[in-house]
>>> print(open('protein_22.csv').read())   # CSV, C-alpha atoms
chain,number,residue,atom,x,y,z
A,17,MET,CA,-67.3,-5.2,29.6
A,18,THR,CA,-64.4,-3.0,28.6
A,19,GLN,CA,-63.0,-4.0,25.3
A,20,ASN,CA,-59.3,-4.9,25.4
A,21,ILE,CA,-57.2,-2.6,23.2
A,22,GLU,CA,-54.2,-4.2,21.5
A,23,MET,CA,-51.2,-2.3,22.9
A,24,ASN,CA,-48.5,-4.5,21.6
A,25,ASP,CA,-48.6,-3.7,17.9
A,26,PRO,CA,-45.0,-3.9,16.7
A,27,LEU,CA,-43.9,-3.1,13.2
A,28,ILE,CA,-41.9,-6.1,11.9
A,29,VAL,CA,-39.3,-5.4,9.2
A,30,GLY,CA,-37.2,-8.4,8.3
A,31,GLU,CA,-35.8,-9.7,11.5
A,32,ARG,CA,-36.3,-6.4,13.4
A,33,SER,CA,-39.2,-5.2,15.5
A,34,PHE,CA,-40.1,-1.6,16.2
A,35,SER,CA,-42.8,0.1,18.3
A,36,SER,CA,-42.9,3.3,16.2
A,37,ARG,CA,-44.4,3.3,12.8
A,38,LEU,CA,-43.1,6.8,11.9
A,39,MET,CA,-39.7,6.9,10.1
A,40,VAL,CA,-37.9,10.1,9.5
A,41,GLY,CA,-35.1,11.5,7.4
A,42,THR,CA,-32.2,13.7,8.4
A,43,GLY,CA,-31.8,16.2,5.6
A,44,LYS,CA,-32.9,19.8,5.1
A,45,TYR,CA,-32.7,20.9,8.7
A,46,GLN,CA,-31.0,24.1,9.7
A,47,ASP,CA,-28.3,22.3,11.6
A,48,LEU,CA,-27.5,19.1,13.5
A,49,GLU,CA,-29.0,20.4,16.7
A,50,GLU,CA,-32.4,20.9,15.1
A,51,THR,CA,-32.0,17.6,13.4
A,52,GLY,CA,-31.5,15.8,16.7
A,53,ALA,CA,-34.3,17.7,18.4
A,54,ALA,CA,-36.9,16.9,15.7
A,55,ILE,CA,-36.0,13.3,15.5
A,56,ARG,CA,-36.4,12.9,19.3
A,57,ALA,CA,-39.8,14.6,19.2
A,58,SER,CA,-40.9,12.3,16.4
A,59,GLY,CA,-40.5,9.2,18.5
A,60,ALA,CA,-39.1,7.5,15.4
A,61,GLU,CA,-36.8,4.5,15.8
A,62,ILE,CA,-35.8,4.1,12.2
A,63,VAL,CA,-33.9,7.1,10.9
A,64,THR,CA,-32.9,7.2,7.2
A,65,VAL,CA,-29.6,8.7,6.1
A,66,ALA,CA,-28.6,9.7,2.5
A,67,LEU,CA,-25.0,8.6,2.3
A,68,ARG,CA,-24.3,10.7,-0.7
A,69,ARG,CA,-25.2,13.9,1.2
A,70,THR,CA,-24.6,13.1,4.8
A,71,ASN,CA,-21.5,12.3,6.7
A,72,ILE,CA,-21.6,9.3,9.0
A,73,GLY,CA,-17.9,8.8,9.2
A,74,GLN,CA,-16.7,8.7,5.6
A,75,ASN,CA,-15.5,12.3,5.9
A,76,PRO,CA,-13.5,12.4,9.2
A,77,ASN,CA,-13.0,16.2,9.1
A,78,GLU,CA,-16.7,17.1,8.8
A,79,PRO,CA,-19.5,17.1,11.4
A,80,ASN,CA,-20.8,13.6,11.9
A,81,LEU,CA,-24.6,13.0,12.0
A,82,LEU,CA,-24.0,10.1,14.3
A,83,ASP,CA,-23.0,12.5,17.0
A,84,VAL,CA,-26.7,13.5,17.3
A,85,VAL,CA,-28.4,10.4,16.0
A,86,SER,CA,-26.5,7.6,17.7
A,87,PRO,CA,-26.8,4.0,16.3
A,88,ASN,CA,-27.1,3.0,20.0
A,89,GLU,CA,-30.5,4.8,20.1
A,90,TYR,CA,-31.8,4.5,16.6
A,91,CYS,CA,-31.8,2.1,13.7
A,92,ILE,CA,-29.8,3.9,11.1
A,93,LEU,CA,-31.3,3.2,7.7
A,94,PRO,CA,-28.8,4.1,5.0
A,95,ASN,CA,-30.5,5.1,1.7
A,96,THR,CA,-29.3,5.4,-1.8
A,97,ALA,CA,-30.9,8.8,-2.6
A,98,PHE,CA,-29.4,10.5,-5.6
A,99,CYS,CA,-28.3,7.3,-7.2
A,100,TYR,CA,-29.5,6.9,-10.8
A,101,THR,CA,-28.2,3.5,-11.7
A,102,ALA,CA,-28.3,0.1,-10.0
A,103,GLU,CA,-24.5,0.0,-9.9
A,104,GLU,CA,-24.4,3.3,-7.9
A,105,ALA,CA,-27.0,2.1,-5.5
A,106,VAL,CA,-25.3,-1.2,-4.8
A,107,ARG,CA,-21.9,0.5,-4.3
A,108,THR,CA,-23.5,3.0,-1.9
A,109,CYS,CA,-25.2,0.2,0.2
A,110,ARG,CA,-21.9,-1.7,0.4
A,111,LEU,CA,-20.1,1.4,1.7
A,112,ALA,CA,-22.8,1.9,4.3
A,113,ARG,CA,-22.4,-1.7,5.5
A,114,GLU,CA,-18.7,-1.1,5.9
A,115,LEU,CA,-19.2,2.2,7.8
A,116,LEU,CA,-21.9,0.8,10.1
A,117,ASN,CA,-20.0,-2.4,11.0
A,118,GLY,CA,-22.0,-4.9,9.0
A,119,HIS,CA,-25.4,-3.3,9.3
A,120,ASN,CA,-27.5,-4.8,6.5
A,121,LEU,CA,-30.9,-3.0,6.6
A,122,VAL,CA,-30.9,-0.5,3.8
A,123,LYS,CA,-33.4,1.7,1.9
A,124,LEU,CA,-33.0,1.3,-1.8
A,125,GLU,CA,-34.1,4.1,-4.2
A,126,VAL,CA,-32.9,4.5,-7.8
A,127,LEU,CA,-34.1,7.7,-9.3
A,128,GLY,CA,-35.1,8.3,-12.9
A,129,ASP,CA,-34.5,12.0,-13.3
A,130,ASP,CA,-33.9,15.2,-11.3
A,131,LYS,CA,-37.2,16.9,-12.1
A,132,THR,CA,-39.7,14.3,-10.8
A,133,LEU,CA,-37.4,12.1,-8.6
A,134,TYR,CA,-39.6,9.2,-9.7
A,135,PRO,CA,-38.1,5.8,-9.3
A,136,ASN,CA,-36.4,4.1,-12.2
A,137,VAL,CA,-38.2,0.8,-11.8
A,138,THR,CA,-35.9,-1.2,-14.2
A,139,GLU,CA,-32.8,-0.1,-12.3
A,140,THR,CA,-34.5,-0.6,-8.9
A,141,LEU,CA,-35.4,-4.2,-9.8
A,142,SER,CA,-31.8,-4.9,-10.8
A,143,ALA,CA,-30.3,-3.3,-7.7
A,144,ALA,CA,-32.8,-5.1,-5.4
A,145,GLU,CA,-31.8,-8.5,-6.9
A,146,THR,CA,-28.1,-7.8,-6.4
A,147,LEU,CA,-28.5,-6.5,-2.9
A,148,ILE,CA,-30.7,-9.4,-1.7
A,149,ASN,CA,-28.3,-11.9,-3.1
A,150,ASP,CA,-25.5,-10.1,-1.3
A,151,GLY,CA,-27.2,-10.5,2.1
A,152,PHE,CA,-28.9,-7.1,2.5
A,153,GLU,CA,-32.4,-6.6,3.9
A,154,VAL,CA,-33.9,-4.2,1.4
A,155,MET,CA,-36.7,-1.7,2.0
A,156,VAL,CA,-37.4,-0.3,-1.4
A,157,TYR,CA,-38.8,3.0,-2.7
A,158,THR,CA,-40.9,2.4,-5.8
A,159,SER,CA,-43.8,3.7,-7.9
A,160,ASP,CA,-47.4,3.1,-6.9
A,161,ASP,CA,-47.7,0.3,-9.5
A,162,PRO,CA,-49.3,-2.8,-7.7
A,163,LEU,CA,-47.6,-5.2,-10.1
A,164,VAL,CA,-44.1,-3.7,-9.5
A,165,ALA,CA,-44.8,-3.7,-5.7
A,166,LYS,CA,-45.7,-7.4,-5.7
A,167,ARG,CA,-42.7,-8.3,-7.8
A,168,LEU,CA,-40.3,-6.5,-5.4
A,169,GLU,CA,-42.0,-8.4,-2.5
A,170,GLU,CA,-41.6,-11.7,-4.4
A,171,MET,CA,-37.9,-11.0,-4.9
A,172,GLY,CA,-37.4,-10.8,-1.2
A,173,CYS,CA,-37.6,-7.1,-0.2
A,174,VAL,CA,-38.5,-6.8,3.5
A,175,ALA,CA,-40.7,-3.7,2.9
A,176,VAL,CA,-42.1,-2.0,-0.1
A,177,MET,CA,-42.4,1.8,0.0
A,178,PRO,CA,-44.6,3.3,-2.7
A,179,LEU,CA,-44.6,7.0,-3.1
A,180,GLY,CA,-47.7,8.9,-2.0
A,181,ALA,CA,-46.8,11.8,-4.2
A,182,PRO,CA,-43.5,13.2,-5.6
A,183,ILE,CA,-40.6,13.5,-3.1
A,184,GLY,CA,-40.7,16.8,-1.2
A,185,SER,CA,-44.0,17.9,-2.8
A,186,GLY,CA,-46.2,17.9,0.3
A,187,LEU,CA,-49.2,17.0,-1.9
A,188,GLY,CA,-50.5,14.2,0.3
A,189,LEU,CA,-51.6,10.8,-1.0
A,190,GLN,CA,-52.5,11.3,-4.7
A,191,ASN,CA,-52.8,7.6,-5.5
A,192,ILE,CA,-55.1,6.1,-2.8
A,193,ASN,CA,-56.7,3.5,-5.0
A,194,ASN,CA,-53.4,2.1,-6.1
A,195,ILE,CA,-52.1,2.0,-2.5
A,196,ARG,CA,-55.2,0.1,-1.5
A,197,ILE,CA,-54.6,-2.5,-4.2
A,198,ILE,CA,-50.9,-2.8,-3.1
A,199,LEU,CA,-52.1,-3.4,0.5
A,200,GLU,CA,-54.6,-6.0,-0.5
A,201,ASN,CA,-51.9,-8.2,-2.1
A,202,ALA,CA,-49.0,-7.6,0.3
A,203,GLN,CA,-47.4,-10.0,2.7
A,204,VAL,CA,-44.6,-7.5,3.8
A,205,PRO,CA,-44.9,-4.1,5.3
A,206,ILE,CA,-46.2,-1.3,3.0
A,207,ILE,CA,-44.8,2.0,4.0
A,208,VAL,CA,-45.8,5.3,2.3
A,209,ASP,CA,-42.6,7.1,1.3
A,210,ALA,CA,-42.7,10.6,-0.1
A,211,GLY,CA,-45.5,13.2,-0.5
A,212,VAL,CA,-46.7,13.7,3.0
A,213,GLY,CA,-47.2,17.3,3.9
A,214,THR,CA,-49.5,17.5,7.0
A,215,PRO,CA,-50.3,15.3,9.9
A,216,SER,CA,-53.7,14.5,8.3
A,217,ASP,CA,-51.8,13.0,5.3
A,218,ALA,CA,-50.0,10.7,7.6
A,219,THR,CA,-53.3,9.7,9.3
A,220,VAL,CA,-54.9,8.9,6.0
A,221,ALA,CA,-52.1,6.6,5.1
A,222,MET,CA,-52.3,4.8,8.3
A,223,GLU,CA,-56.1,4.5,8.2
A,224,LEU,CA,-55.8,2.8,4.8
A,225,GLY,CA,-53.8,0.1,6.5
A,226,CYS,CA,-50.3,1.1,5.6
A,227,ASP,CA,-47.8,-0.3,8.1
A,228,GLY,CA,-45.8,3.0,8.4
A,229,VAL,CA,-45.0,6.4,6.9
A,230,LEU,CA,-41.5,7.7,6.1
A,231,MET,CA,-41.1,11.5,5.8
A,232,ASN,CA,-38.5,14.2,5.9
A,233,SER,CA,-39.5,17.5,4.1
A,234,ALA,CA,-42.9,17.7,5.9
A,235,ILE,CA,-41.0,18.0,9.2
A,236,ALA,CA,-37.8,19.8,8.1
A,237,TYR,CA,-39.6,22.5,6.1
A,238,ALA,CA,-42.2,23.2,8.7
A,239,LYS,CA,-42.0,26.6,10.3
A,240,LYS,CA,-41.5,24.8,13.6
A,241,PRO,CA,-39.9,21.5,12.8
A,242,VAL,CA,-39.8,20.1,16.3
A,243,LEU,CA,-43.5,20.8,16.9
A,244,MET,CA,-44.3,19.3,13.5
A,245,ALA,CA,-42.4,16.2,14.4
A,246,GLN,CA,-44.4,15.8,17.5
A,247,ALA,CA,-47.6,16.3,15.5
A,248,MET,CA,-46.6,13.6,13.0
A,249,ARG,CA,-45.9,11.2,15.8
A,250,LYS,CA,-49.4,11.6,17.1
A,251,ALA,CA,-51.0,11.5,13.6
A,252,VAL,CA,-49.3,8.1,12.8
A,253,GLU,CA,-50.4,6.7,16.2
A,254,CYS,CA,-53.9,8.0,15.7
A,255,GLY,CA,-54.3,6.6,12.2
A,256,ARG,CA,-53.0,3.2,13.3
A,257,GLU,CA,-55.5,3.0,16.1
A,258,GLY,CA,-58.3,4.1,13.8
A,259,TYR,CA,-57.4,1.4,11.4
A,260,LEU,CA,-57.3,-1.3,14.1
A,261,ALA,CA,-60.6,-0.1,15.5
A,262,GLY,CA,-62.3,-0.4,12.1
A,263,ARG,CA,-64.4,2.5,10.8
A,264,MET,CA,-68.2,2.5,10.6
A,265,PRO,CA,-69.8,1.5,7.3
A,266,ARG,CA,-70.4,4.3,4.9
A,267,LYS,CA,-74.1,5.0,4.2
A,268,MET,CA,-76.0,7.0,1.6
A,269,TYR,CA,-78.6,8.4,3.9
A,270,ALA,CA,-78.8,9.6,7.5
A,271,SER,CA,-79.0,7.2,10.5
A,272,ALA,CA,-80.1,8.5,13.9
A,273,SER,CA,-77.5,8.3,16.6
A,274,SER,CA,-80.1,7.3,19.1
A,275,PRO,CA,-82.5,4.3,18.4
A,276,ILE,CA,-86.1,5.3,17.9
A,277,ASP,CA,-87.7,1.9,18.3
A,278,GLY,CA,-89.8,1.7,21.5
A,279,THR,CA,-89.7,5.4,22.2
A,280,ILE,CA,-92.7,7.4,23.4
A,281,SER,CA,-94.5,9.0,20.5
>>> encode(input="protein_22.csv", output="structure tokens")
Amino acid sequence: MTQNIEMNDPLIVGERSFSSRLMVGTGKYQDLEETGAAIRASGAEIVTVALRRTNIGQNPNEPNLLDVVSPNEYCILPNTAFCYTAEEAVRTCRLARELLNGHNLVKLEVLGDDKTLYPNVTETLSAAETLINDGFEVMVYTSDDPLVAKRLEEMGCVAVMPLGAPIGSGLGLQNINNIRIILENAQVPIIVDAGVGTPSDATVAMELGCDGVLMNSAIAYAKKPVLMAQAMRKAVECGREGYLAGRMPRKMYASASSPIDGTIS
């Protein structure tokens, strides 16, 4: 009998449901035309926007990203990239809510320094608490510390987003064991954010059981960004299906593919 394959496998983030588990950023492309083409090829439904570096209406005389990434087609996810204090991050999210007509789903990131772009966990916790109390649904970029990840979940964040490696590094997942521990204890989506460089990196994250992957540099800095976006789409889908299928057990020694019991000797 043919085994039924679960086709309806939505990603639930807060009160929203998505069919794609790949989320993409909008920075570092050559122009808005390439940005729009790559995002379409990725199949992403959630598109994150750095308000401090991208115009979505706050600068009327400049090109508007929303002309190629329409809120009618995508879930725009404002992020607080390049904020270094909780106060800056909260102010940026409130501006985004005003610009996007009350949209309350945001990606929180509060950085520690310019060299590593690692999260400042103390400021992140403070900002998350303020934003949640202010009615925001917070998806939060954080370190790969399982205790911090659990604390952010307990505070009410709708998704926790541990880094796989430093932002923009393309190193792939450098902290697989920590991410496994985070996954074991999580009751909200865990989304790898930062560090992905190749489609195989995205597949590894999904095979671990992560609920999604967010990336920007891996696509935007590829020699052919639109083609890479398409590859990343397939990689995330493939990794998710592999996770749902359940891998075979690892064994120390060989095991014949064909059974030998009852064969003619």
>>> closest_atom_pairs(input="protein_22.csv", of="region 19-47 of chain A", to="region 51-70 of chain A", cutoff="9 Å", atoms="all atoms listed in the file", output="JSON lines")
{"residue": "A:Phe34", "atom": "CA", "partner": "A:Glu61", "partner_atom": "CA", "distance": 6.9}
{"residue": "A:Ser35", "atom": "CA", "partner": "A:Glu61", "partner_atom": "CA", "distance": 7.8}
{"residue": "A:Ser36", "atom": "CA", "partner": "A:Ala60", "partner_atom": "CA", "distance": 5.7}
{"residue": "A:Arg37", "atom": "CA", "partner": "A:Ala60", "partner_atom": "CA", "distance": 7.2}
{"residue": "A:Leu38", "atom": "CA", "partner": "A:Ala60", "partner_atom": "CA", "distance": 5.4}
{"residue": "A:Met39", "atom": "CA", "partner": "A:Ile62", "partner_atom": "CA", "distance": 5.2}
{"residue": "A:Val40", "atom": "CA", "partner": "A:Val63", "partner_atom": "CA", "distance": 5.2}
{"residue": "A:Gly41", "atom": "CA", "partner": "A:Thr64", "partner_atom": "CA", "distance": 4.8}
{"residue": "A:Thr42", "atom": "CA", "partner": "A:Val65", "partner_atom": "CA", "distance": 6.1}
{"residue": "A:Gly43", "atom": "CA", "partner": "A:Val65", "partner_atom": "CA", "distance": 7.8}
{"residue": "A:Lys44", "atom": "CA", "partner": "A:Thr51", "partner_atom": "CA", "distance": 8.6}
{"residue": "A:Tyr45", "atom": "CA", "partner": "A:Thr51", "partner_atom": "CA", "distance": 5.8}
{"residue": "A:Gln46", "atom": "CA", "partner": "A:Thr51", "partner_atom": "CA", "distance": 7.5}
{"residue": "A:Asp47", "atom": "CA", "partner": "A:Thr51", "partner_atom": "CA", "distance": 6.2}
>>> residues_around(input="protein_22.csv", residues="Ile197 (chain A)", least_positions_apart="4", cutoff="8 Å", atoms="all atoms listed in the file", output="CSV table (one decimal) with C-alpha atoms, keeping the file's coordinate frame")
chain,number,residue,atom,x,y,z
A,162,PRO,CA,-49.3,-2.8,-7.7
A,193,ASN,CA,-56.7,3.5,-5.0
A,201,ASN,CA,-51.9,-8.2,-2.1
>>> atom_distance(input="protein_22.csv", atom1="CA of Leu224 (chain A)", atom2="CA of Gly211 (chain A)")
15.6 Å
>>> closest_residue(input="protein_22.csv", among="A:Ser86, A:Asn232, A:Ser159, A:Asn77", to="Tyr134 (chain A)", atoms="all atoms listed in the file")
A:Ser159
>>> closest_residue(input="protein_22.csv", among="A:Glu253, A:Asp130, A:Glu200, A:Glu125", to="Ala218 (chain A)", atoms="all atoms listed in the file")
A:Glu253
>>> atom_distance(input="protein_22.csv", atom1="CA of Phe152 (chain A)", atom2="CA of Met177 (chain A)")
16.4 Å
>>> closest_residue(input="protein_22.csv", among="A:Asp160, A:Asp217, A:Asp209, A:Asp129", to="Thr101 (chain A)", atoms="all atoms listed in the file")
A:Asp129
>>> atom_distance(input="protein_22.csv", atom1="CA of Pro205 (chain A)", atom2="CA of Ala175 (chain A)")
4.9 Å
>>> closest_residue(input="protein_22.csv", among="A:Ile183, A:Ala105, A:Leu82, A:Ile198", to="Val164 (chain A)", atoms="all atoms listed in the file")
A:Ile198
>>> closest_atom_pairs(input="protein_22.csv", of="region 118-224 of chain A", to="region 257-274 of chain A", cutoff="10 Å", atoms="all atoms listed in the file", output="Markdown table")
| residue | atom | partner | partner_atom | distance |
| --- | --- | --- | --- | --- |
| A:Thr219 | CA | A:Gly258 | CA | 8.8 |
| A:Val220 | CA | A:Tyr259 | CA | 9.6 |
| A:Ala221 | CA | A:Tyr259 | CA | 9.7 |
| A:Met222 | CA | A:Tyr259 | CA | 6.9 |
| A:Glu223 | CA | A:Tyr259 | CA | 4.6 |
| A:Leu224 | CA | A:Tyr259 | CA | 6.9 |
>>> residues_around(input="protein_22.csv", residues="Glu169 (chain A)", least_positions_apart="2", cutoff="10 Å", atoms="all atoms listed in the file", output="list in words")
Val154, Met155, Val156, Leu163, Val164, Ala165, Lys166, Arg167, Met171, Gly172, Cys173, Val174, Ala175, Val176, Asn201, Ala202, Gln203, Val204, Pro205 and Ile206 of chain A
>>> closest_residue(input="protein_22.csv", among="A:Glu50, A:Glu145, A:Asp150, A:Asp227", to="Arg110 (chain A)", atoms="only C-alpha atoms")
A:Asp150
